[in-house]
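Shown next, in structure tokens, is the structure this report addresses.
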Amino acid sequence: MKIRNYALITILSLISFVSCKEEEKVKETILRPVKFAVVGDVNTQKTRTFSGVAKAGDEIELSFRGSGIVTKVNVSKGQQVKKGDVIAKLDNVEASLAYEQSVSALKSAQSSMNTSKSNLNRVKSLYEKGSNSLSDYESAKNSYQTALDQYESAKRNKSIQATQLSYGVIKAPKSGLIADTDGGVGERVSAGHKFAILNAGKEMKIEVGLPENVVNKVTVGMKTKLEFSALGQKELIGTVIEVAPIIDADAATYKTFISMDTPLEAIKPGMASSVTFDFSDPNETADKSLVIPVKAVGEDGKGRFVFIITSKSETTGTVNKRYLELGELTTDGFKVKSGLVNGDKIATAGLQTLLDGQDVRLK
């Protein structure tokens, strides 16, 4: 019995050991992500490409100016609307009550004014006949003026309450397409809540976020190249129409808008685009010197080096240290005398943690 138990324990131990080994074998190696740049000449480095997104030429954010519970929604995403159509309504109980009170107050003020006016006319007639004194006439005039002022005040208050009542209704300011909605019947919303987005413009524009080291090179009227992956490799020309003067706190970039010189109906809001800017000076002589970013250069006891990347696929590669001879430092980076060729991929961040021959993931 003891021998049988011992054999059973031994077999289970071997199975467990083999299973652990198999788990270790299938464990996936985690590759270190590495940012990279492609080596090019000075003029090539002055061409920058950024990701953008297509938006309607006139994108309007619709919101309630009052708070309350949504009682009616007349639209859905993708629905066409006409100018003046009701998009949604709030319960607006308090505003409705205040408006009804203002209407009642206006009627009461009007009645008092009419009574005061009739009394004034009567006293005036008696005063002209000598039956009433001047003080009676002046008192009647003052009473009428007070009633008139109260009537005018009641009219203004009714107008204000009517405006407050309209704050619980969203109407389409223009004809267009509902691109998005945020809310439904029964939900409580606050004043200013973005309830829907209306695409009213027929023409499209491209929104792109530019970093602070580039935005000052971009001006209104500047030409760009646009590519849409959804349309294949067809290249379009765009013109910068707006550059934000302040940074977007959420993305830490400056929003820039570009119109298409030749609009296409196939381009829809939300489509991704590549926007290419050419910052080279056409009056300058073409400079074919290779240039690399300063942050891509490391230095040790043997001299200055870069980590060149040999791609294994579009997303992975191997880094190898390569020493090179550098020239002058320019505003675009170091000029390269020898050690690199046009088109080489080099790592641009985290050089201190990279090892010669290390496999990495490209980002």
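Ordering of the structure tokens sets the chain letters (A, B, ...), residue numbers begin anew at 1 in every chain, and ligands are numbered from 1 in the order given.
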Using DSSP secondary structure from the backbone, list all strand (DSSP E or B) positions within stretch 253-298 of chain A, as a PyMOL selection string.
chain A and resi 253-260+272-278+290-292+298
Using N, CA, C and O atoms, can you export the residues from the last selection as a PDB file, in the first residue's frame?
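The resulting file, selection.pdb, is shown below:
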```pdb
ATOM      1  N   THR A 253      -2.939  70.296 -27.148  1.00  0.00           N
ATOM      2  CA  THR A 253      -2.582  70.705 -28.506  1.00  0.00           C
ATOM      3  C   THR A 253      -3.439  71.901 -28.914  1.00  0.00           C
ATOM      4  O   THR A 253      -4.419  72.231 -28.250  1.00  0.00           O
ATOM      5  N   TYR A 254      -3.068  72.522 -30.017  1.00  0.00           N
ATOM      6  CA  TYR A 254      -3.810  73.667 -30.544  1.00  0.00           C
ATOM      7  C   TYR A 254      -4.695  73.174 -31.701  1.00  0.00           C
ATOM      8  O   TYR A 254      -4.183  72.660 -32.701  1.00  0.00           O
ATOM      9  N   LYS A 255      -6.009  73.331 -31.534  1.00  0.00           N
ATOM     10  CA  LYS A 255      -6.931  72.889 -32.576  1.00  0.00           C
ATOM     11  C   LYS A 255      -6.773  73.745 -33.829  1.00  0.00           C
ATOM     12  O   LYS A 255      -6.810  74.968 -33.758  1.00  0.00           O
ATOM     13  N   THR A 256      -6.611  73.069 -34.951  1.00  0.00           N
ATOM     14  CA  THR A 256      -6.451  73.747 -36.239  1.00  0.00           C
ATOM     15  C   THR A 256      -7.450  73.142 -37.222  1.00  0.00           C
ATOM     16  O   THR A 256      -7.621  71.923 -37.262  1.00  0.00           O
ATOM     17  N   PHE A 257      -8.108  74.012 -38.011  1.00  0.00           N
ATOM     18  CA  PHE A 257      -9.129  73.540 -38.944  1.00  0.00           C
ATOM     19  C   PHE A 257      -8.700  73.805 -40.378  1.00  0.00           C
ATOM     20  O   PHE A 257      -8.139  74.863 -40.688  1.00  0.00           O
ATOM     21  N   ILE A 258      -8.975  72.823 -41.229  1.00  0.00           N
ATOM     22  CA  ILE A 258      -8.544  72.866 -42.624  1.00  0.00           C
ATOM     23  C   ILE A 258      -9.738  72.571 -43.518  1.00  0.00           C
ATOM     24  O   ILE A 258     -10.478  71.608 -43.293  1.00  0.00           O
ATOM     25  N   SER A 259      -9.939  73.408 -44.525  1.00  0.00           N
ATOM     26  CA  SER A 259     -11.006  73.165 -45.499  1.00  0.00           C
ATOM     27  C   SER A 259     -10.419  72.439 -46.702  1.00  0.00           C
ATOM     28  O   SER A 259      -9.226  72.550 -46.985  1.00  0.00           O
ATOM     29  N   MET A 260     -11.269  71.677 -47.397  1.00  0.00           N
ATOM     30  CA  MET A 260     -10.826  70.958 -48.591  1.00  0.00           C
ATOM     31  C   MET A 260     -11.063  71.811 -49.824  1.00  0.00           C
ATOM     32  O   MET A 260     -12.161  72.327 -50.019  1.00  0.00           O
ATOM     33  N   ALA A 272     -11.216  59.440 -40.402  1.00  0.00           N
ATOM     34  CA  ALA A 272      -9.828  59.766 -40.044  1.00  0.00           C
ATOM     35  C   ALA A 272      -9.071  60.271 -41.267  1.00  0.00           C
ATOM     36  O   ALA A 272      -9.307  59.824 -42.396  1.00  0.00           O
ATOM     37  N   SER A 273      -8.155  61.199 -41.017  1.00  0.00           N
ATOM     38  CA  SER A 273      -7.380  61.792 -42.105  1.00  0.00           C
ATOM     39  C   SER A 273      -5.938  62.002 -41.661  1.00  0.00           C
ATOM     40  O   SER A 273      -5.660  62.216 -40.473  1.00  0.00           O
ATOM     41  N   SER A 274      -5.021  61.931 -42.605  1.00  0.00           N
ATOM     42  CA  SER A 274      -3.622  62.296 -42.370  1.00  0.00           C
ATOM     43  C   SER A 274      -3.389  63.662 -43.000  1.00  0.00           C
ATOM     44  O   SER A 274      -3.675  63.856 -44.189  1.00  0.00           O
ATOM     45  N   VAL A 275      -2.896  64.589 -42.197  1.00  0.00           N
ATOM     46  CA  VAL A 275      -2.683  65.959 -42.667  1.00  0.00           C
ATOM     47  C   VAL A 275      -1.180  66.233 -42.692  1.00  0.00           C
ATOM     48  O   VAL A 275      -0.514  66.146 -41.664  1.00  0.00           O
ATOM     49  N   THR A 276      -0.666  66.565 -43.861  1.00  0.00           N
ATOM     50  CA  THR A 276       0.770  66.793 -44.028  1.00  0.00           C
ATOM     51  C   THR A 276       1.047  68.272 -44.268  1.00  0.00           C
ATOM     52  O   THR A 276       0.466  68.879 -45.176  1.00  0.00           O
ATOM     53  N   PHE A 277       1.934  68.843 -43.440  1.00  0.00           N
ATOM     54  CA  PHE A 277       2.351  70.239 -43.568  1.00  0.00           C
ATOM     55  C   PHE A 277       3.784  70.285 -44.109  1.00  0.00           C
ATOM     56  O   PHE A 277       4.638  69.500 -43.685  1.00  0.00           O
ATOM     57  N   ASP A 278       4.035  71.203 -45.001  1.00  0.00           N
ATOM     58  CA  ASP A 278       5.385  71.405 -45.545  1.00  0.00           C
ATOM     59  C   ASP A 278       5.905  72.728 -45.008  1.00  0.00           C
ATOM     60  O   ASP A 278       5.449  73.803 -45.398  1.00  0.00           O
ATOM     61  N   LEU A 290      21.718  64.729 -44.236  1.00  0.00           N
ATOM     62  CA  LEU A 290      20.863  63.970 -43.336  1.00  0.00           C
ATOM     63  C   LEU A 290      20.844  64.649 -41.977  1.00  0.00           C
ATOM     64  O   LEU A 290      21.868  65.162 -41.511  1.00  0.00           O
ATOM     65  N   VAL A 291      19.670  64.632 -41.332  1.00  0.00           N
ATOM     66  CA  VAL A 291      19.558  65.269 -40.032  1.00  0.00           C
ATOM     67  C   VAL A 291      18.739  64.356 -39.118  1.00  0.00           C
ATOM     68  O   VAL A 291      17.799  63.697 -39.561  1.00  0.00           O
ATOM     69  N   ILE A 292      19.141  64.303 -37.832  1.00  0.00           N
ATOM     70  CA  ILE A 292      18.444  63.452 -36.865  1.00  0.00           C
ATOM     71  C   ILE A 292      18.115  64.274 -35.621  1.00  0.00           C
ATOM     72  O   ILE A 292      18.829  65.229 -35.295  1.00  0.00           O
ATOM     73  N   GLY A 298      22.834  59.397 -28.319  1.00  0.00           N
ATOM     74  CA  GLY A 298      23.423  59.089 -27.019  1.00  0.00           C
ATOM     75  C   GLY A 298      24.938  59.201 -27.090  1.00  0.00           C
ATOM     76  O   GLY A 298      25.509  59.354 -28.173  1.00  0.00           O
TER      77      GLY A 298
END
```
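When the distance limit is 9 Å and only C-alpha atoms are what count, the residues near A:Arg188, minus those fewer than 6 positions from it on the same chain, are Ser67, Gly68, Ile69, Val70 and Leu90 of chain A.
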Rank nothing, just name the residue among A:Asn92, A:Thr49, A:Asn114, A:Gln145 nearest to A:Glu227, using only C-alpha atoms.
A:Thr49
Surrounding residues of stretch 325-330 of chain A excluding itself and chain neighbours under 3 positions, 9 Å, only C-alpha atoms, as a PyMOL selection string:
chain A and resi 291+294+303-305+333-339
Just the residues within 8 Å of A:Ala172, please, counting only C-alpha atoms, with nothing from its chain fewer than 3 positions along; format it as a ChimeraX atom specification.
/A:81-87,175,198
List the spatial neighbours of A:Ile346 as a PyMOL selection string - criterion: any atom at most 9 Å away, only C-alpha atoms, same-chain residues fewer than 2 positions off excluded.
chain A and resi 35-39+292+296+306-310+319+344+348
Export of the given selection (all heavy atoms) as a compact mmCIF listing (two decimals), in the first residue's frame:
```
# COMPACT_ATOMS: atom_id res chain seq x y z
N LYS A 35 9.60 54.65 -29.29
CA LYS A 35 9.27 55.64 -30.31
C LYS A 35 10.45 55.73 -31.28
O LYS A 35 11.60 55.59 -30.88
CB LYS A 35 9.01 57.00 -29.67
CG LYS A 35 7.73 57.07 -28.86
CD LYS A 35 7.51 58.48 -28.33
CE LYS A 35 6.20 58.58 -27.55
NZ LYS A 35 5.96 59.94 -27.04
N PHE A 36 10.14 55.99 -32.55
CA PHE A 36 11.21 56.03 -33.54
C PHE A 36 10.98 57.14 -34.54
O PHE A 36 9.89 57.72 -34.62
CB PHE A 36 11.33 54.68 -34.25
CG PHE A 36 10.17 54.37 -35.16
CD1 PHE A 36 10.22 54.67 -36.52
CD2 PHE A 36 9.02 53.78 -34.65
CE1 PHE A 36 9.16 54.40 -37.35
CE2 PHE A 36 7.94 53.49 -35.48
CZ PHE A 36 8.02 53.80 -36.83
N ALA A 37 12.01 57.45 -35.30
CA ALA A 37 11.93 58.43 -36.38
C ALA A 37 12.66 57.86 -37.58
O ALA A 37 13.55 57.02 -37.44
CB ALA A 37 12.55 59.76 -35.95
N VAL A 38 12.27 58.31 -38.75
CA VAL A 38 12.91 57.89 -39.99
C VAL A 38 13.91 58.96 -40.42
O VAL A 38 13.55 60.14 -40.51
CB VAL A 38 11.87 57.63 -41.09
CG1 VAL A 38 12.55 57.21 -42.39
CG2 VAL A 38 10.87 56.57 -40.65
N VAL A 39 15.13 58.55 -40.68
CA VAL A 39 16.18 59.49 -41.07
C VAL A 39 15.87 60.05 -42.46
O VAL A 39 15.52 59.31 -43.38
CB VAL A 39 17.56 58.79 -41.07
CG1 VAL A 39 18.65 59.77 -41.53
CG2 VAL A 39 17.87 58.25 -39.69
N ILE A 292 19.14 64.30 -37.83
CA ILE A 292 18.44 63.45 -36.86
C ILE A 292 18.11 64.27 -35.62
O ILE A 292 18.83 65.23 -35.29
CB ILE A 292 19.28 62.22 -36.47
CG1 ILE A 292 20.62 62.64 -35.90
CG2 ILE A 292 19.46 61.30 -37.66
CD1 ILE A 292 21.45 61.47 -35.38
N ALA A 296 17.60 61.67 -30.14
CA ALA A 296 17.91 60.32 -30.62
C ALA A 296 19.38 59.97 -30.44
O ALA A 296 19.77 58.82 -30.66
CB ALA A 296 17.53 60.19 -32.10
N VAL A 306 23.54 56.07 -32.01
CA VAL A 306 22.08 55.96 -32.06
C VAL A 306 21.74 54.48 -32.01
O VAL A 306 22.59 53.62 -32.24
CB VAL A 306 21.49 56.59 -33.35
CG1 VAL A 306 21.74 58.07 -33.40
CG2 VAL A 306 22.05 55.89 -34.59
N PHE A 307 20.50 54.18 -31.69
CA PHE A 307 20.01 52.82 -31.78
C PHE A 307 19.23 52.71 -33.08
O PHE A 307 18.15 53.28 -33.22
CB PHE A 307 19.12 52.47 -30.59
CG PHE A 307 19.88 52.07 -29.36
CD1 PHE A 307 20.04 52.96 -28.31
CD2 PHE A 307 20.48 50.82 -29.27
CE1 PHE A 307 20.75 52.60 -27.17
CE2 PHE A 307 21.18 50.45 -28.13
CZ PHE A 307 21.33 51.34 -27.08
N ILE A 308 19.77 51.97 -34.01
CA ILE A 308 19.10 51.79 -35.29
C ILE A 308 18.16 50.59 -35.16
O ILE A 308 18.47 49.61 -34.47
CB ILE A 308 20.12 51.58 -36.43
CG1 ILE A 308 19.42 51.65 -37.78
CG2 ILE A 308 20.88 50.29 -36.27
CD1 ILE A 308 20.37 51.78 -38.95
N ILE A 309 17.00 50.69 -35.78
CA ILE A 309 15.96 49.67 -35.64
C ILE A 309 15.85 48.87 -36.94
O ILE A 309 15.65 49.44 -38.02
CB ILE A 309 14.61 50.30 -35.32
CG1 ILE A 309 14.69 51.08 -34.00
CG2 ILE A 309 13.52 49.23 -35.22
CD1 ILE A 309 13.45 51.86 -33.67
N THR A 310 16.00 47.56 -36.81
CA THR A 310 15.76 46.65 -37.93
C THR A 310 14.38 46.05 -37.75
O THR A 310 14.13 45.31 -36.79
CB THR A 310 16.81 45.53 -37.98
OG1 THR A 310 18.13 46.11 -38.03
CG2 THR A 310 16.61 44.64 -39.20
N VAL A 319 16.76 46.52 -31.92
CA VAL A 319 17.61 47.71 -31.89
C VAL A 319 19.08 47.30 -31.80
O VAL A 319 19.42 46.34 -31.11
CB VAL A 319 17.24 48.63 -30.70
CG1 VAL A 319 15.85 49.20 -30.86
CG2 VAL A 319 17.36 47.91 -29.37
N ASP A 344 16.76 55.11 -42.76
CA ASP A 344 17.01 54.31 -41.55
C ASP A 344 16.03 54.70 -40.44
O ASP A 344 15.67 55.87 -40.30
CB ASP A 344 18.44 54.54 -41.04
CG ASP A 344 19.46 53.74 -41.83
OD1 ASP A 344 19.05 52.80 -42.53
OD2 ASP A 344 20.66 54.07 -41.75
N THR A 348 14.02 57.20 -30.67
CA THR A 348 14.07 58.61 -30.28
C THR A 348 13.75 58.84 -28.81
O THR A 348 13.65 59.98 -28.37
CB THR A 348 13.07 59.43 -31.12
OG1 THR A 348 11.75 58.91 -30.95
CG2 THR A 348 13.46 59.40 -32.59
```
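Closest to A:Lys312 among A:Pro293, A:Ile267, A:Asp359, A:Thr262 is A:Asp359, based on only C-alpha atoms.
Atom CA of A:Ile178 sits 18.8 Å away from atom CA of A:Ile206.
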Selection near A:Gly78, 9 Å with only C-alpha atoms, sequence-local residues under 4 positions removed, as an MDAnalysis selection string:
chainID A and resid 177:180
As a PyMOL selection string, which residues of stretch 158-324 of chain A does DSSP assign to alpha helix (DSSP H)?
chain A and resi 158-166+212-215
Would you output that residue set with all heavy atoms, as a short mmCIF file (atom, residue, chain, number, x, y, z; two decimals), in the first residue's frame?
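The result, stored in out30.cif:
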```cif
data_model
loop_
_atom_site.label_atom_id
_atom_site.label_comp_id
_atom_site.auth_asym_id
_atom_site.auth_seq_id
_atom_site.Cartn_x
_atom_site.Cartn_y
_atom_site.Cartn_z
N LYS A 158 -43.82 89.30 -17.82
CA LYS A 158 -44.38 88.23 -18.63
C LYS A 158 -43.40 87.84 -19.75
O LYS A 158 -43.21 86.65 -20.05
CB LYS A 158 -45.71 88.67 -19.23
CG LYS A 158 -46.35 87.58 -20.11
CD LYS A 158 -47.52 88.12 -20.90
CE LYS A 158 -48.00 87.09 -21.91
NZ LYS A 158 -49.05 87.59 -22.78
N SER A 159 -42.79 88.84 -20.36
CA SER A 159 -41.82 88.58 -21.42
C SER A 159 -40.62 87.79 -20.89
O SER A 159 -40.13 86.85 -21.54
CB SER A 159 -41.35 89.90 -22.04
OG SER A 159 -40.37 89.68 -23.02
N ILE A 160 -40.16 88.16 -19.69
CA ILE A 160 -39.03 87.45 -19.08
C ILE A 160 -39.40 86.01 -18.78
O ILE A 160 -38.63 85.08 -19.06
CB ILE A 160 -38.58 88.17 -17.79
CG1 ILE A 160 -37.96 89.53 -18.14
CG2 ILE A 160 -37.59 87.32 -17.01
CD1 ILE A 160 -37.67 90.39 -16.91
N GLN A 161 -40.60 85.81 -18.22
CA GLN A 161 -41.03 84.45 -17.88
C GLN A 161 -41.25 83.60 -19.13
O GLN A 161 -41.01 82.39 -19.13
CB GLN A 161 -42.31 84.48 -17.03
CG GLN A 161 -42.15 85.16 -15.67
CD GLN A 161 -41.01 84.54 -14.87
OE1 GLN A 161 -40.77 83.34 -14.92
NE2 GLN A 161 -40.31 85.39 -14.11
N ALA A 162 -41.70 84.24 -20.21
CA ALA A 162 -41.85 83.51 -21.47
C ALA A 162 -40.49 83.05 -22.00
O ALA A 162 -40.34 81.94 -22.53
CB ALA A 162 -42.55 84.40 -22.50
N THR A 163 -39.48 83.92 -21.83
CA THR A 163 -38.12 83.56 -22.23
C THR A 163 -37.60 82.40 -21.38
O THR A 163 -37.00 81.45 -21.89
CB THR A 163 -37.18 84.76 -22.10
OG1 THR A 163 -37.67 85.84 -22.89
CG2 THR A 163 -35.77 84.41 -22.55
N GLN A 164 -37.84 82.48 -20.06
CA GLN A 164 -37.43 81.41 -19.16
C GLN A 164 -38.11 80.10 -19.55
O GLN A 164 -37.50 79.02 -19.48
CB GLN A 164 -37.79 81.76 -17.71
CG GLN A 164 -37.00 82.92 -17.12
CD GLN A 164 -35.55 82.56 -16.85
OE1 GLN A 164 -35.23 81.39 -16.66
NE2 GLN A 164 -34.68 83.55 -16.84
N LEU A 165 -39.37 80.18 -19.97
CA LEU A 165 -40.11 78.99 -20.38
C LEU A 165 -39.47 78.37 -21.62
O LEU A 165 -39.41 77.14 -21.76
CB LEU A 165 -41.57 79.36 -20.66
CG LEU A 165 -42.54 78.20 -20.86
CD1 LEU A 165 -42.63 77.34 -19.61
CD2 LEU A 165 -43.93 78.73 -21.24
N SER A 166 -38.96 79.22 -22.52
CA SER A 166 -38.33 78.72 -23.75
C SER A 166 -36.99 78.05 -23.48
O SER A 166 -36.49 77.30 -24.31
CB SER A 166 -38.14 79.87 -24.75
OG SER A 166 -37.14 80.77 -24.28
N GLU A 212 2.88 72.47 -29.53
CA GLU A 212 3.33 73.86 -29.39
C GLU A 212 4.58 74.17 -30.20
O GLU A 212 4.81 75.33 -30.56
CB GLU A 212 3.57 74.16 -27.91
CG GLU A 212 4.58 73.27 -27.25
CD GLU A 212 4.71 73.55 -25.77
OE1 GLU A 212 3.86 74.26 -25.20
OE2 GLU A 212 5.68 73.04 -25.16
N ASN A 213 5.39 73.16 -30.51
CA ASN A 213 6.61 73.43 -31.27
C ASN A 213 6.36 73.54 -32.77
O ASN A 213 7.28 73.79 -33.55
CB ASN A 213 7.66 72.34 -31.01
CG ASN A 213 7.19 70.97 -31.46
OD1 ASN A 213 5.99 70.72 -31.57
ND2 ASN A 213 8.13 70.07 -31.72
N VAL A 214 5.11 73.37 -33.19
CA VAL A 214 4.77 73.43 -34.61
C VAL A 214 3.77 74.53 -34.92
O VAL A 214 3.80 75.13 -35.99
CB VAL A 214 4.21 72.06 -35.08
CG1 VAL A 214 3.61 72.15 -36.48
CG2 VAL A 214 5.30 71.00 -35.06
N VAL A 215 2.88 74.82 -33.95
CA VAL A 215 1.74 75.69 -34.24
C VAL A 215 2.14 77.06 -34.76
O VAL A 215 1.44 77.64 -35.61
CB VAL A 215 0.86 75.83 -32.97
CG1 VAL A 215 1.58 76.59 -31.87
CG2 VAL A 215 -0.47 76.49 -33.31
#
```
Find the distance between atom CA of A:Lys77 and atom CA of A:Pro269 and write it in Å to one decimal.
12.8 Å
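As for atom CA of A:Gly201 and atom CA of A:Ala266, they are spaced 15.0 Å apart.
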